[in-house]
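Written out below as structure tokens is the structure these notes cover.
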Amino acid sequence: MHLLPLPAFEDNYIWTLRDDAGRALVVDPGEAGPVLSAAAEGLQPAGILLTHHHNDHIGGVGALLERWPDLPVVAPDDERIAIATRRTGDGDRVEVADWGFDTLAVPGHTVSHIAFHGHGLLFCGDTLFSLGCGRMFEGTPAQMLDSLERLAALPGDTRVCCGHEYTLSNAAFARVVEPDNPALMRRIEEAQAMRQSGRPTLPSSVAAEREANPFLRIDAPAVRAAIVGQTGHPIRSRVDAFAALRRWKDGFRA
């Protein structure tokens with residue numbers, strides 16, 4: 001299998017997972033153009049997986065169905081994704097062509113957000129980013145923290161396929177939160193080299209995110225101390241710690 005992110009818009013990735021014959025799963029095609037261009041070079045879409053309803057993740061589906069009208073479109077149970085042909089929810093198994101994925105409910109960024117885990121891969125949309133996490137447009141801090149911890153509990157070698165190239169912008173915040181974390185410094189150097197050579201910083205891995213992503217390190221003493229220093233008052237719970245960290249990030253400017 002061949003994993004390849006197709007750049008879209010300013011910083012989105014449309015993920016493709018291809019077999020040796022060129023058949024591919026397409027994940028979160030916010031625009032059709034990159035997929036159509038890849039098809040001109042041999043990609044043959046076999047199905048579409050959608051993680052959530054935001055247009056920069058689903059906006060290209062209609063045009064792709066005009067080209068390939070029989071493509072299955074697997075999406076969460078959300079009426080805002082009217083173009084879906086199959087619905088999937090927490091614990092369901094998704095089978096498309098020769099691929100199989102387990103569905104994980106990961107509310108927080110949106111209430112119906114899902115992730116797909118299989119073949120050593122995690123397609124997590126806008127829930128988990130490298131060195132960061134998504135904004136909570138619909139969910140609660142408790143939901144988002146629980147979702148991130150579900151993802152962090154996956155095997156460490158799971159490759160994390162996020163929806164956006166946000167690693168370096170997230171790094172600016174992460175190094176303020178935990179400047180003495182050597183794993184974070186290594187990840188930043190690695191990501192800088194990747195971007196300087198024109199390569200994506202993704203996929204990351206679950207193990208790397210556990211070591212360096214402050215939103216997965218709520219219990220780390222240095223992260224807790226940074227949150228207390230920022231808020232100026234004690235943290236009462238893990239959810240409060242996460243909520244304070246996310247608020248801090250929301251207002252952060254490098």
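Identifiers in this document derive from the order of the structure tokens: chains are assigned A, B, ..., residues are numbered from 1 separately in each chain, and ligands are numbered from 1 in order of occurrence.
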Fill in: Shell of 8 Å around Pro107 (chain A), only C-alpha atoms, local chain residues under 6 positions omitted, as a ChimeraX atom specification
/A:113-114,127,139,143-144,147
Discussion item. Need to verify the contact set: Arg93 (chain A), 7 Å, only C-alpha atoms, exclusion of same-chain residues closer than 5 positions in sequence. Can you return it as a ChimeraX atom specification?
Written reply: /A:100-103
Worksheet entry | Who sits within 12 Å of Ala208 (chain A), only C-alpha atoms, same chain under 4 positions skipped, as a VMD selection string | chain A and resid 129 to 132 152 155 to 160 182 to 188 190 202 to 204 212 to 214 216 to 217
Show me, as CSV, the residues of region 47-140 of chain A having an atom within 9 Å of region 236-246 of chain A, each with the closest atom pair and its distance in Å, using only C-alpha atoms.
residue,atom,partner,partner_atom,distance
A:Cys133,CA,A:Arg246,CA,8.5
A:Arg135,CA,A:Arg246,CA,7.7
A:Met136,CA,A:Arg246,CA,8.6
A:Thr140,CA,A:Ala243,CA,8.7
Worksheet item: What is the distance, in Å and to one decimal place, between CA of Arg175 (chain A) and CA of Arg247 (chain A)?
Response: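 CA of Arg247 (chain A) lies 16.3 Å from CA of Arg175 (chain A).
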Worksheet entry | Near-Gly59 (chain A) list (7 Å; only C-alpha atoms; drop same-chain fewer than 6 positions) as a PyMOL selection string | chain A and resi 29-31
Discussion item. Under the rule that only C-alpha atoms are counted, which of A:Phe252, A:Trp68, A:Tyr166, A:Phe123 is the nearest residue to Thr16 (chain A)?
Written reply: A:Phe123
Worksheet item: Looking at A:His164, A:His52, A:Arg253, A:Arg210, which one is nearest to Leu151 (chain A), with distances taken over only C-alpha atoms?
Response: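 Of the candidates, the smallest distance to Leu151 (chain A) is held by A:Arg210.
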Worksheet item: Quick one, how far is CA of Pro72 (chain A) from CA of Gly47 (chain A)?
Response: 5.0 Å
Practice prompt. Could you find all residues in region 102-223 of chain A that DSSP calls alpha helix (DSSP H) from the backbone, and write them as a PyMOL selection string?
Written response: chain A and resi 141-152+167-177+182-196+206-212+221-223
Discussion item. Set the distance at 10 Å and use only C-alpha atoms: which residues neighbour Asp77 (chain A) once local chain neighbours fewer than 2 positions away are removed? I'd like the list as a PyMOL selection string.
Written reply: chain A and resi 52+74-75+79-82+84+86-89+112-114
Fill in: Spatial neighbours of region 37-39 of chain A, max dist 10 Å, only C-alpha atoms, sep filter under 6 positions, as a list in words
Leu6, Thr16, Gly22, Arg23, Ala24 and Pro45 of chain A
Discussion item. From a backbone DSSP assignment, name each residue in region 30-204 of chain A labelled strand (DSSP E), as number ranges by chain.
Written reply: A: 44-49, 73-76, 86-88, 93-96, 99-105, 114-118, 121-125, 128-129, 132-133, 159-162, 204
Worksheet item: For Ala220 (chain A), which residue among A:Thr51, A:Thr110, A:Gln44, A:Asn181 is the nearest when counting only C-alpha atoms?
Response: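 Distance minimum relative to Ala220 (chain A) lands on A:Asn181.
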Worksheet item: Hey, which of A:Leu50, A:Ala193, A:Ala222, A:Ala153 ends up closest to Asp180 (chain A)? Count only C-alpha atoms.
Response: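 Answer, going by the shortest atom-to-atom distance: A:Ala222.
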